[in-house]
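Undergrad: Following this line is query.txt, made up of compact mmCIF, N, CA, C and O atoms and all ligand atoms:
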# COMPACT_ATOMS: atom_id res chain seq x y z
N MET A 1 0.01 -7.95 -7.97
CA MET A 1 1.26 -8.59 -8.36
C MET A 1 1.02 -9.48 -9.57
O MET A 1 0.05 -10.23 -9.60
N LYS A 2 1.92 -9.40 -10.55
CA LYS A 2 1.76 -10.22 -11.76
C LYS A 2 2.44 -11.58 -11.56
O LYS A 2 3.32 -11.72 -10.72
N GLU A 3 2.03 -12.51 -12.39
CA GLU A 3 2.52 -13.89 -12.27
C GLU A 3 4.05 -13.99 -12.23
O GLU A 3 4.60 -14.74 -11.45
N ASP A 4 4.72 -13.20 -13.08
CA ASP A 4 6.18 -13.31 -13.18
C ASP A 4 6.92 -12.30 -12.30
O ASP A 4 8.15 -12.20 -12.37
N ASP A 5 6.19 -11.53 -11.51
CA ASP A 5 6.85 -10.55 -10.64
C ASP A 5 7.69 -11.26 -9.58
O ASP A 5 7.26 -12.26 -9.02
N PHE A 6 8.86 -10.69 -9.33
CA PHE A 6 9.78 -11.28 -8.37
C PHE A 6 10.37 -10.14 -7.54
O PHE A 6 10.98 -9.23 -8.08
N ILE A 7 10.10 -10.17 -6.24
CA ILE A 7 10.60 -9.09 -5.38
C ILE A 7 12.01 -9.43 -4.92
O ILE A 7 12.23 -10.49 -4.34
N VAL A 8 12.95 -8.52 -5.16
CA VAL A 8 14.34 -8.79 -4.79
C VAL A 8 14.90 -7.63 -3.98
O VAL A 8 14.72 -6.46 -4.33
N SER A 9 15.57 -7.98 -2.88
CA SER A 9 16.36 -6.97 -2.16
C SER A 9 17.62 -7.64 -1.63
O SER A 9 17.66 -8.86 -1.46
N LYS A 10 18.63 -6.81 -1.39
CA LYS A 10 19.88 -7.30 -0.80
C LYS A 10 20.21 -6.39 0.36
O LYS A 10 19.89 -5.19 0.33
N THR A 11 20.88 -6.95 1.37
CA THR A 11 21.33 -6.11 2.49
C THR A 11 22.82 -6.36 2.74
O THR A 11 23.38 -7.33 2.26
N ASP A 12 23.40 -5.46 3.54
CA ASP A 12 24.75 -5.76 4.04
C ASP A 12 24.59 -6.68 5.26
O ASP A 12 23.47 -7.09 5.59
N THR A 13 25.68 -6.97 5.94
CA THR A 13 25.61 -7.94 7.04
C THR A 13 24.87 -7.38 8.27
O THR A 13 24.55 -8.12 9.18
N LYS A 14 24.59 -6.09 8.27
CA LYS A 14 23.84 -5.48 9.37
C LYS A 14 22.35 -5.35 9.05
O LYS A 14 21.57 -4.88 9.87
N GLY A 15 21.97 -5.70 7.81
CA GLY A 15 20.55 -5.59 7.43
C GLY A 15 20.19 -4.28 6.78
O GLY A 15 19.01 -3.96 6.62
N LYS A 16 21.19 -3.49 6.38
CA LYS A 16 20.90 -2.25 5.65
C LYS A 16 20.74 -2.57 4.17
O LYS A 16 21.57 -3.31 3.60
N ILE A 17 19.73 -2.01 3.55
CA ILE A 17 19.43 -2.32 2.15
C ILE A 17 20.52 -1.77 1.23
O ILE A 17 20.85 -0.58 1.29
N THR A 18 21.05 -2.67 0.39
CA THR A 18 22.09 -2.26 -0.57
C THR A 18 21.57 -2.34 -2.01
O THR A 18 22.18 -1.79 -2.91
N TYR A 19 20.48 -3.07 -2.20
CA TYR A 19 19.89 -3.18 -3.55
C TYR A 19 18.43 -3.56 -3.42
O TYR A 19 18.06 -4.32 -2.52
N CYS A 20 17.60 -3.02 -4.29
CA CYS A 20 16.22 -3.52 -4.39
C CYS A 20 15.77 -3.30 -5.84
O CYS A 20 16.20 -2.35 -6.49
N ASN A 21 14.94 -4.23 -6.32
CA ASN A 21 14.50 -4.08 -7.71
C ASN A 21 13.24 -3.20 -7.79
O ASN A 21 12.66 -2.80 -6.76
N GLN A 22 12.84 -2.93 -9.02
CA GLN A 22 11.71 -2.02 -9.27
C GLN A 22 10.43 -2.50 -8.58
O GLN A 22 9.68 -1.72 -7.99
N ILE A 23 10.21 -3.80 -8.63
CA ILE A 23 8.98 -4.37 -8.03
C ILE A 23 8.98 -4.14 -6.52
O ILE A 23 7.96 -3.81 -5.92
N PHE A 24 10.15 -4.32 -5.90
CA PHE A 24 10.26 -4.07 -4.45
C PHE A 24 9.85 -2.63 -4.15
O PHE A 24 9.07 -2.37 -3.23
N MET A 25 10.36 -1.70 -4.94
CA MET A 25 10.06 -0.28 -4.71
C MET A 25 8.57 0.01 -4.88
O MET A 25 7.98 0.73 -4.10
N GLU A 26 7.98 -0.62 -5.90
CA GLU A 26 6.54 -0.43 -6.13
C GLU A 26 5.73 -0.92 -4.94
O GLU A 26 4.81 -0.25 -4.50
N PHE A 27 6.08 -2.10 -4.42
CA PHE A 27 5.32 -2.66 -3.30
C PHE A 27 5.57 -1.92 -1.99
O PHE A 27 4.68 -1.84 -1.15
N ALA A 28 6.77 -1.38 -1.85
CA ALA A 28 7.08 -0.60 -0.64
C ALA A 28 6.50 0.81 -0.74
O ALA A 28 6.38 1.51 0.27
N CYS A 29 6.13 1.22 -1.96
CA CYS A 29 5.68 2.61 -2.21
C CYS A 29 6.77 3.60 -1.79
O CYS A 29 6.49 4.66 -1.22
N LEU A 30 8.01 3.22 -2.04
CA LEU A 30 9.15 4.09 -1.74
C LEU A 30 10.09 4.10 -2.93
O LEU A 30 10.12 3.14 -3.71
N GLN A 31 10.86 5.19 -3.05
CA GLN A 31 11.83 5.28 -4.14
C GLN A 31 13.17 4.71 -3.68
O GLN A 31 13.42 4.60 -2.47
N GLU A 32 14.00 4.42 -4.68
CA GLU A 32 15.32 3.84 -4.38
C GLU A 32 16.09 4.68 -3.36
O GLU A 32 16.67 4.16 -2.41
N SER A 33 16.03 6.01 -3.55
CA SER A 33 16.78 6.91 -2.66
C SER A 33 16.26 6.87 -1.22
O SER A 33 16.97 7.20 -0.28
N GLU A 34 15.00 6.45 -1.05
CA GLU A 34 14.42 6.35 0.30
C GLU A 34 14.72 4.99 0.94
O GLU A 34 14.50 4.81 2.13
N LEU A 35 15.19 4.04 0.11
CA LEU A 35 15.39 2.67 0.61
C LEU A 35 16.87 2.33 0.82
O LEU A 35 17.21 1.72 1.83
N LEU A 36 17.72 2.71 -0.12
CA LEU A 36 19.13 2.33 -0.01
C LEU A 36 19.76 2.93 1.24
O LEU A 36 19.57 4.11 1.55
N GLY A 37 20.46 2.08 2.00
CA GLY A 37 21.11 2.54 3.23
C GLY A 37 20.22 2.46 4.46
O GLY A 37 20.69 2.62 5.58
N GLN A 38 18.93 2.19 4.25
CA GLN A 38 18.00 2.09 5.38
C GLN A 38 17.99 0.66 5.92
O GLN A 38 18.21 -0.29 5.18
N PRO A 39 17.67 0.50 7.22
CA PRO A 39 17.51 -0.86 7.74
C PRO A 39 16.34 -1.55 7.05
O PRO A 39 15.33 -0.89 6.77
N HIS A 40 16.46 -2.86 6.78
CA HIS A 40 15.40 -3.56 6.07
C HIS A 40 14.08 -3.54 6.85
O HIS A 40 13.00 -3.69 6.29
N SER A 41 14.17 -3.31 8.16
CA SER A 41 12.95 -3.24 8.98
C SER A 41 12.09 -2.03 8.60
O SER A 41 10.99 -1.89 9.12
N ILE A 42 12.55 -1.21 7.67
CA ILE A 42 11.75 -0.08 7.17
C ILE A 42 10.42 -0.58 6.57
O ILE A 42 9.43 0.14 6.58
N VAL A 43 10.43 -1.82 6.06
CA VAL A 43 9.19 -2.38 5.49
C VAL A 43 8.57 -3.44 6.41
O VAL A 43 7.69 -4.18 6.02
N ARG A 44 9.04 -3.48 7.65
CA ARG A 44 8.51 -4.48 8.57
C ARG A 44 7.04 -4.22 8.90
O ARG A 44 6.66 -3.11 9.23
N HIS A 45 6.25 -5.28 8.78
CA HIS A 45 4.82 -5.17 9.11
C HIS A 45 4.60 -5.66 10.54
O HIS A 45 5.17 -6.70 10.92
N PRO A 46 3.79 -4.95 11.35
CA PRO A 46 3.59 -5.37 12.74
C PRO A 46 2.97 -6.77 12.88
O PRO A 46 3.06 -7.37 13.95
N ASP A 47 2.34 -7.27 11.82
CA ASP A 47 1.78 -8.64 11.89
C ASP A 47 2.85 -9.72 11.89
O ASP A 47 2.56 -10.88 12.21
N MET A 48 4.07 -9.37 11.48
CA MET A 48 5.13 -10.40 11.38
C MET A 48 5.69 -10.72 12.76
O MET A 48 6.18 -9.83 13.46
N PRO A 49 5.67 -12.00 13.16
CA PRO A 49 6.23 -12.36 14.47
C PRO A 49 7.75 -12.18 14.50
O PRO A 49 8.42 -12.49 13.52
N LYS A 50 8.25 -11.66 15.62
CA LYS A 50 9.68 -11.39 15.79
C LYS A 50 10.53 -12.64 15.56
O LYS A 50 11.64 -12.57 15.05
N VAL A 51 9.98 -13.80 15.96
CA VAL A 51 10.76 -15.04 15.92
C VAL A 51 11.20 -15.42 14.50
O VAL A 51 12.25 -16.03 14.31
N ILE A 52 10.42 -15.00 13.52
CA ILE A 52 10.79 -15.31 12.12
C ILE A 52 12.12 -14.63 11.78
O ILE A 52 12.99 -15.23 11.15
N PHE A 53 12.27 -13.39 12.23
CA PHE A 53 13.49 -12.66 11.89
C PHE A 53 14.68 -13.16 12.71
O PHE A 53 15.81 -13.17 12.23
N LYS A 54 14.39 -13.62 13.93
CA LYS A 54 15.45 -14.23 14.75
C LYS A 54 15.99 -15.46 14.01
O LYS A 54 17.19 -15.62 13.86
N LEU A 55 15.07 -16.26 13.51
CA LEU A 55 15.43 -17.47 12.77
C LEU A 55 16.18 -17.11 11.48
O LEU A 55 17.19 -17.73 11.14
N LEU A 56 15.67 -16.09 10.78
CA LEU A 56 16.32 -15.64 9.54
C LEU A 56 17.79 -15.28 9.80
O LEU A 56 18.69 -15.75 9.11
N TRP A 57 18.02 -14.47 10.84
CA TRP A 57 19.39 -14.02 11.12
C TRP A 57 20.28 -15.18 11.57
O TRP A 57 21.44 -15.25 11.18
N GLU A 58 19.70 -16.08 12.37
CA GLU A 58 20.47 -17.27 12.79
C GLU A 58 20.90 -18.10 11.58
O GLU A 58 22.04 -18.52 11.47
N ARG A 59 19.95 -18.30 10.67
CA ARG A 59 20.22 -19.14 9.49
C ARG A 59 21.30 -18.51 8.61
O ARG A 59 22.25 -19.17 8.22
N ILE A 60 21.13 -17.23 8.30
CA ILE A 60 22.10 -16.64 7.36
C ILE A 60 23.47 -16.46 8.01
O ILE A 60 24.48 -16.56 7.33
N GLN A 61 23.48 -16.26 9.34
CA GLN A 61 24.79 -16.16 10.01
C GLN A 61 25.51 -17.51 10.00
O GLN A 61 26.73 -17.56 10.09
N ASN A 62 24.75 -18.58 9.87
CA ASN A 62 25.34 -19.92 9.74
C ASN A 62 25.47 -20.35 8.28
O ASN A 62 25.61 -21.53 7.97
N LYS A 63 25.37 -19.37 7.37
CA LYS A 63 25.51 -19.59 5.93
C LYS A 63 24.50 -20.59 5.38
O LYS A 63 24.78 -21.36 4.47
N LYS A 64 23.29 -20.56 5.96
CA LYS A 64 22.22 -21.44 5.49
C LYS A 64 21.13 -20.60 4.85
O LYS A 64 20.96 -19.42 5.18
N GLU A 65 20.37 -21.25 3.96
CA GLU A 65 19.25 -20.56 3.31
C GLU A 65 18.03 -20.59 4.22
O GLU A 65 17.91 -21.47 5.07
N ILE A 66 17.13 -19.66 3.98
CA ILE A 66 15.82 -19.72 4.65
C ILE A 66 14.75 -19.38 3.62
O ILE A 66 14.96 -18.48 2.79
N PHE A 67 13.67 -20.13 3.65
CA PHE A 67 12.53 -19.87 2.77
C PHE A 67 11.35 -19.51 3.65
O PHE A 67 10.97 -20.31 4.51
N ALA A 68 10.81 -18.32 3.47
CA ALA A 68 9.70 -17.89 4.32
C ALA A 68 8.85 -16.86 3.58
O ALA A 68 9.37 -16.11 2.74
N TYR A 69 7.57 -16.87 3.87
CA TYR A 69 6.70 -15.81 3.38
C TYR A 69 6.76 -14.66 4.37
O TYR A 69 6.66 -14.88 5.58
N VAL A 70 6.94 -13.46 3.85
CA VAL A 70 7.02 -12.27 4.71
C VAL A 70 5.99 -11.25 4.26
O VAL A 70 5.89 -10.94 3.07
N LYS A 71 5.23 -10.77 5.22
CA LYS A 71 4.27 -9.70 4.94
C LYS A 71 4.98 -8.38 5.21
O LYS A 71 5.45 -8.15 6.33
N ASN A 72 5.09 -7.55 4.20
CA ASN A 72 5.78 -6.27 4.33
C ASN A 72 4.80 -5.11 4.30
O ASN A 72 3.75 -5.17 3.68
N LEU A 73 5.21 -4.04 4.96
CA LEU A 73 4.39 -2.83 5.03
C LEU A 73 4.73 -1.91 3.85
O LEU A 73 5.90 -1.74 3.51
N SER A 74 3.70 -1.34 3.27
CA SER A 74 3.93 -0.32 2.23
C SER A 74 3.81 1.06 2.87
O SER A 74 3.07 1.23 3.85
N ALA A 75 4.52 2.01 2.31
CA ALA A 75 4.51 3.36 2.88
C ALA A 75 3.12 4.00 2.82
O ALA A 75 2.84 4.95 3.56
N ASP A 76 2.24 3.48 1.96
CA ASP A 76 0.88 4.04 1.89
C ASP A 76 -0.07 3.36 2.88
O ASP A 76 -1.28 3.58 2.85
N GLY A 77 0.48 2.50 3.75
CA GLY A 77 -0.33 1.85 4.78
C GLY A 77 -0.81 0.46 4.37
O GLY A 77 -1.33 -0.29 5.19
N GLY A 78 -0.63 0.12 3.08
CA GLY A 78 -1.00 -1.22 2.61
C GLY A 78 0.08 -2.23 2.98
O GLY A 78 1.00 -1.93 3.73
N PHE A 79 -0.04 -3.42 2.43
CA PHE A 79 0.98 -4.44 2.71
C PHE A 79 1.19 -5.31 1.49
O PHE A 79 0.36 -5.31 0.58
C1 LIG B 101 18.52 -10.19 2.91
C2 LIG B 101 17.52 -9.78 3.96
C3 LIG B 101 16.23 -9.50 3.58
C4 LIG B 101 15.27 -9.12 4.53
N1 LIG B 101 14.01 -8.86 4.11
C5 LIG B 101 13.10 -8.42 5.01
C6 LIG B 101 11.79 -8.09 4.58
O1 LIG B 101 11.43 -8.20 3.41
N2 LIG B 101 10.93 -7.63 5.50
C7 LIG B 101 11.25 -7.50 6.82
O2 LIG B 101 10.41 -7.05 7.61
N3 LIG B 101 12.50 -7.83 7.26
C8 LIG B 101 13.41 -8.30 6.38
N4 LIG B 101 14.66 -8.64 6.83
C9 LIG B 101 14.92 -8.64 8.28
C10 LIG B 101 15.25 -7.27 8.83
O3 LIG B 101 16.65 -7.06 8.72
C11 LIG B 101 14.85 -7.16 10.34
O4 LIG B 101 15.50 -8.15 11.07
C12 LIG B 101 13.33 -7.31 10.53
O5 LIG B 101 12.61 -6.36 9.75
C13 LIG B 101 12.91 -7.14 12.00
O6 LIG B 101 13.35 -5.94 12.52
P1 LIG B 101 14.25 -5.92 13.83
O7 LIG B 101 15.41 -6.86 13.58
O8 LIG B 101 14.65 -4.49 13.98
O9 LIG B 101 13.34 -6.42 14.94
C14 LIG B 101 15.63 -9.02 5.90
C15 LIG B 101 16.95 -9.30 6.28
C16 LIG B 101 17.89 -9.69 5.34
C17 LIG B 101 19.29 -9.99 5.77
Can you give me the file's structure in the form of structure tokens?
TA:
Amino acid sequence: MKEDDFIVSKTDTKGKITYCNQIFMEFACLQESELLGQPHSIVRHPDMPKVIFKLLWERIQNKKEIFAYVKNLSADGGF
């Protein structure tokens, strides 16, 4: 990852991916057509504790921000 790289994705209210930038696709090792419309858990890494996502959903449903580091899975088995 380069210093100025910024991973961006957007979802609908159900967590389906509606947008992701080029860097996101590179790190996921997936193409846009493989990501759009998929649940964001497509990149979920088993090391991530469930409680983080529970908190994430609670916060955004209450229109609050959340700042968290997330380890994502790449389609090539990396993260
Ligand atoms: C805007 C947004 C971005 C998200 N980004 C990620 C992410 O990068 N990685 C991830 O594993 N889950 C992300 N999630 C959470 C997933 O929707 C999902 O809750 C999580 O992967 C756990 O899967 P589960 O809810 O099926 O247990 C994001 C959710 C939203 C609303």
Undergrad: CA of His45 in chain A to atom O2 of ligand LIG 101 (chain B): how many Å, to one decimal?
TA: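 Computed distance, CA of His45 in chain A to atom O2 of ligand LIG 101 (chain B), equals 6.1 Å.
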Undergrad: So which one's closest to Leu36 in chain A, A:Lys2, A:Lys16, A:Arg59, A:Lys64? Using only C-alpha atoms, please.
TA: A:Lys16
Undergrad: Grab me every residue within 7 Å of ligand LIG 101 (chain B), counting all atoms listed in the file, and send it over as a PyMOL selection string.
TA: chain A and resi 9-16+39-45+50+53-54+56-57+70-73
Undergrad: Please write the residues from the selection above to a file, keeping N, CA, C and O atoms, as an mmCIF file, in the coordinates of the input.
TA:
data_model
loop_
_atom_site.group_PDB
_atom_site.id
_atom_site.type_symbol
_atom_site.label_atom_id
_atom_site.label_comp_id
_atom_site.auth_asym_id
_atom_site.auth_seq_id
_atom_site.Cartn_x
_atom_site.Cartn_y
_atom_site.Cartn_z
ATOM 1 N N SER A 9 15.570 -7.980 -2.880
ATOM 2 C CA SER A 9 16.360 -6.970 -2.160
ATOM 3 C C SER A 9 17.620 -7.640 -1.630
ATOM 4 O O SER A 9 17.660 -8.860 -1.460
ATOM 5 N N LYS A 10 18.630 -6.810 -1.390
ATOM 6 C CA LYS A 10 19.880 -7.300 -0.800
ATOM 7 C C LYS A 10 20.210 -6.390 0.360
ATOM 8 O O LYS A 10 19.890 -5.190 0.330
ATOM 9 N N THR A 11 20.880 -6.950 1.370
ATOM 10 C CA THR A 11 21.330 -6.110 2.490
ATOM 11 C C THR A 11 22.820 -6.360 2.740
ATOM 12 O O THR A 11 23.380 -7.330 2.260
ATOM 13 N N ASP A 12 23.400 -5.460 3.540
ATOM 14 C CA ASP A 12 24.750 -5.760 4.040
ATOM 15 C C ASP A 12 24.590 -6.680 5.260
ATOM 16 O O ASP A 12 23.470 -7.090 5.590
ATOM 17 N N THR A 13 25.680 -6.970 5.940
ATOM 18 C CA THR A 13 25.610 -7.940 7.040
ATOM 19 C C THR A 13 24.870 -7.380 8.270
ATOM 20 O O THR A 13 24.550 -8.120 9.180
ATOM 21 N N LYS A 14 24.590 -6.090 8.270
ATOM 22 C CA LYS A 14 23.840 -5.480 9.370
ATOM 23 C C LYS A 14 22.350 -5.350 9.050
ATOM 24 O O LYS A 14 21.570 -4.880 9.870
ATOM 25 N N GLY A 15 21.970 -5.700 7.810
ATOM 26 C CA GLY A 15 20.550 -5.590 7.430
ATOM 27 C C GLY A 15 20.190 -4.280 6.780
ATOM 28 O O GLY A 15 19.010 -3.960 6.620
ATOM 29 N N LYS A 16 21.190 -3.490 6.380
ATOM 30 C CA LYS A 16 20.900 -2.250 5.650
ATOM 31 C C LYS A 16 20.740 -2.570 4.170
ATOM 32 O O LYS A 16 21.570 -3.310 3.600
ATOM 33 N N PRO A 39 17.670 0.500 7.220
ATOM 34 C CA PRO A 39 17.510 -0.860 7.740
ATOM 35 C C PRO A 39 16.340 -1.550 7.050
ATOM 36 O O PRO A 39 15.330 -0.890 6.770
ATOM 37 N N HIS A 40 16.460 -2.860 6.780
ATOM 38 C CA HIS A 40 15.400 -3.560 6.070
ATOM 39 C C HIS A 40 14.080 -3.540 6.850
ATOM 40 O O HIS A 40 13.000 -3.690 6.290
ATOM 41 N N SER A 41 14.170 -3.310 8.160
ATOM 42 C CA SER A 41 12.950 -3.240 8.980
ATOM 43 C C SER A 41 12.090 -2.030 8.600
ATOM 44 O O SER A 41 10.990 -1.890 9.120
ATOM 45 N N ILE A 42 12.550 -1.210 7.670
ATOM 46 C CA ILE A 42 11.750 -0.080 7.170
ATOM 47 C C ILE A 42 10.420 -0.580 6.570
ATOM 48 O O ILE A 42 9.430 0.140 6.580
ATOM 49 N N VAL A 43 10.430 -1.820 6.060
ATOM 50 C CA VAL A 43 9.190 -2.380 5.490
ATOM 51 C C VAL A 43 8.570 -3.440 6.410
ATOM 52 O O VAL A 43 7.690 -4.180 6.020
ATOM 53 N N ARG A 44 9.040 -3.480 7.650
ATOM 54 C CA ARG A 44 8.510 -4.480 8.570
ATOM 55 C C ARG A 44 7.040 -4.220 8.900
ATOM 56 O O ARG A 44 6.660 -3.110 9.230
ATOM 57 N N HIS A 45 6.250 -5.280 8.780
ATOM 58 C CA HIS A 45 4.820 -5.170 9.110
ATOM 59 C C HIS A 45 4.600 -5.660 10.540
ATOM 60 O O HIS A 45 5.170 -6.700 10.920
ATOM 61 N N LYS A 50 8.250 -11.660 15.620
ATOM 62 C CA LYS A 50 9.680 -11.390 15.790
ATOM 63 C C LYS A 50 10.530 -12.640 15.560
ATOM 64 O O LYS A 50 11.640 -12.570 15.050
ATOM 65 N N PHE A 53 12.270 -13.390 12.230
ATOM 66 C CA PHE A 53 13.490 -12.660 11.890
ATOM 67 C C PHE A 53 14.680 -13.160 12.710
ATOM 68 O O PHE A 53 15.810 -13.170 12.230
ATOM 69 N N LYS A 54 14.390 -13.620 13.930
ATOM 70 C CA LYS A 54 15.450 -14.230 14.750
ATOM 71 C C LYS A 54 15.990 -15.460 14.010
ATOM 72 O O LYS A 54 17.190 -15.620 13.860
ATOM 73 N N LEU A 56 15.670 -16.090 10.780
ATOM 74 C CA LEU A 56 16.320 -15.640 9.540
ATOM 75 C C LEU A 56 17.790 -15.280 9.800
ATOM 76 O O LEU A 56 18.690 -15.750 9.110
ATOM 77 N N TRP A 57 18.020 -14.470 10.840
ATOM 78 C CA TRP A 57 19.390 -14.020 11.120
ATOM 79 C C TRP A 57 20.280 -15.180 11.570
ATOM 80 O O TRP A 57 21.440 -15.250 11.180
ATOM 81 N N VAL A 70 6.940 -13.460 3.850
ATOM 82 C CA VAL A 70 7.020 -12.270 4.710
ATOM 83 C C VAL A 70 5.990 -11.250 4.260
ATOM 84 O O VAL A 70 5.890 -10.940 3.070
ATOM 85 N N LYS A 71 5.230 -10.770 5.220
ATOM 86 C CA LYS A 71 4.270 -9.700 4.940
ATOM 87 C C LYS A 71 4.980 -8.380 5.210
ATOM 88 O O LYS A 71 5.450 -8.150 6.330
ATOM 89 N N ASN A 72 5.090 -7.550 4.200
ATOM 90 C CA ASN A 72 5.780 -6.270 4.330
ATOM 91 C C ASN A 72 4.800 -5.110 4.300
ATOM 92 O O ASN A 72 3.750 -5.170 3.680
ATOM 93 N N LEU A 73 5.210 -4.040 4.960
ATOM 94 C CA LEU A 73 4.390 -2.830 5.030
ATOM 95 C C LEU A 73 4.730 -1.910 3.850
ATOM 96 O O LEU A 73 5.900 -1.740 3.510
#
Undergrad: So for range 55-65 of chain A, what box centre and size do we get, axis-aligned, 4 Å extra on each of the six sides, every listed atom, Å to one decimal, as JSON?
TA:
{"center_x": 20.9, "center_y": -17.8, "center_z": 8.4, "size_x": 19.7, "size_y": 15.5, "size_z": 18.2}
Undergrad: In Å, rounded to a single decimal, give me how far atom O of Met1 in chain A is from atom O of Gly37 in chain A.
TA: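 These two atoms are separated by 28.7 Å.
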Undergrad: Let me make sure I understand: among A:Tyr19, A:Glu32, A:Met48, A:Phe27, which one has the smallest atom-to-atom distance to Gly78 in chain A if we use all atoms listed in the file?
TA: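 For Gly78 in chain A, the nearest of the candidates is A:Phe27.
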Undergrad: Quick one, how far is atom C of Ala28 in chain A from CA of Asp76 in chain A?
TA: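 One can read the atom C of Ala28 in chain A to CA of Asp76 in chain A distance as 7.0 Å.
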Undergrad: Please report, as a PyMOL selection string, each residue of range 17-78 of chain A to which DSSP assigns strand (DSSP E or B) when run on this structure's backbone.
TA: chain A and resi 17-20+39+44+72
Undergrad: Please return, as a list in words, all residues of range 8-67 of chain A that DSSP assigns to alpha helix (DSSP H) on the basis of the backbone.
TA: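 Matching residues, listed in order: Gln22, Ile23, Phe24, Met25, Glu26, Phe27, Ala28, Glu32, Ser33, Glu34, Leu35, Lys50, Val51, Ile52, Phe53, Lys54, Leu55, Leu56, Trp57, Glu58, Arg59, Ile60 and Gln61 of chain A.
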Undergrad: If you count only C-alpha atoms, which residues fall within 12 Å of Asp5 in chain A, apart from same-chain ones fewer than 2 positions away, as a list in words?
TA: Met1, Lys2, Glu3, Ile7, Val8, Asn21, Gln22, Ile23, Phe24, Glu26 and Phe27 of chain A
Undergrad: Write only C-alpha atoms for range 47-63 of chain A from the block just shown, as a PDB file, in the first residue's frame.
TA:
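Listing of decode_33.pdb after writing:
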ATOM      1  CA  ASP A  47      -9.746 -12.875  12.226  1.00  0.00           C
ATOM      2  CA  MET A  48     -12.233  -9.999  12.583  1.00  0.00           C
ATOM      3  CA  PRO A  49     -14.366 -10.292  15.736  1.00  0.00           C
ATOM      4  CA  LYS A  50     -18.132 -10.272  15.087  1.00  0.00           C
ATOM      5  CA  VAL A  51     -18.675  -7.599  17.751  1.00  0.00           C
ATOM      6  CA  ILE A  52     -16.919  -4.955  15.640  1.00  0.00           C
ATOM      7  CA  PHE A  53     -19.528  -5.310  12.910  1.00  0.00           C
ATOM      8  CA  LYS A  54     -22.359  -5.332  15.447  1.00  0.00           C
ATOM      9  CA  LEU A  55     -21.016  -2.018  16.742  1.00  0.00           C
ATOM     10  CA  LEU A  56     -20.552  -0.689  13.188  1.00  0.00           C
ATOM     11  CA  TRP A  57     -24.187  -1.415  12.280  1.00  0.00           C
ATOM     12  CA  GLU A  58     -25.489   0.009  15.562  1.00  0.00           C
ATOM     13  CA  ARG A  59     -23.512   3.216  15.050  1.00  0.00           C
ATOM     14  CA  ILE A  60     -24.498   3.839  11.449  1.00  0.00           C
ATOM     15  CA  GLN A  61     -28.144   2.981  12.140  1.00  0.00           C
ATOM     16  CA  ASN A  62     -28.026   5.752  14.752  1.00  0.00           C
ATOM     17  CA  LYS A  63     -26.463   8.084  12.142  1.00  0.00           C
TER      18      LYS A  63
END
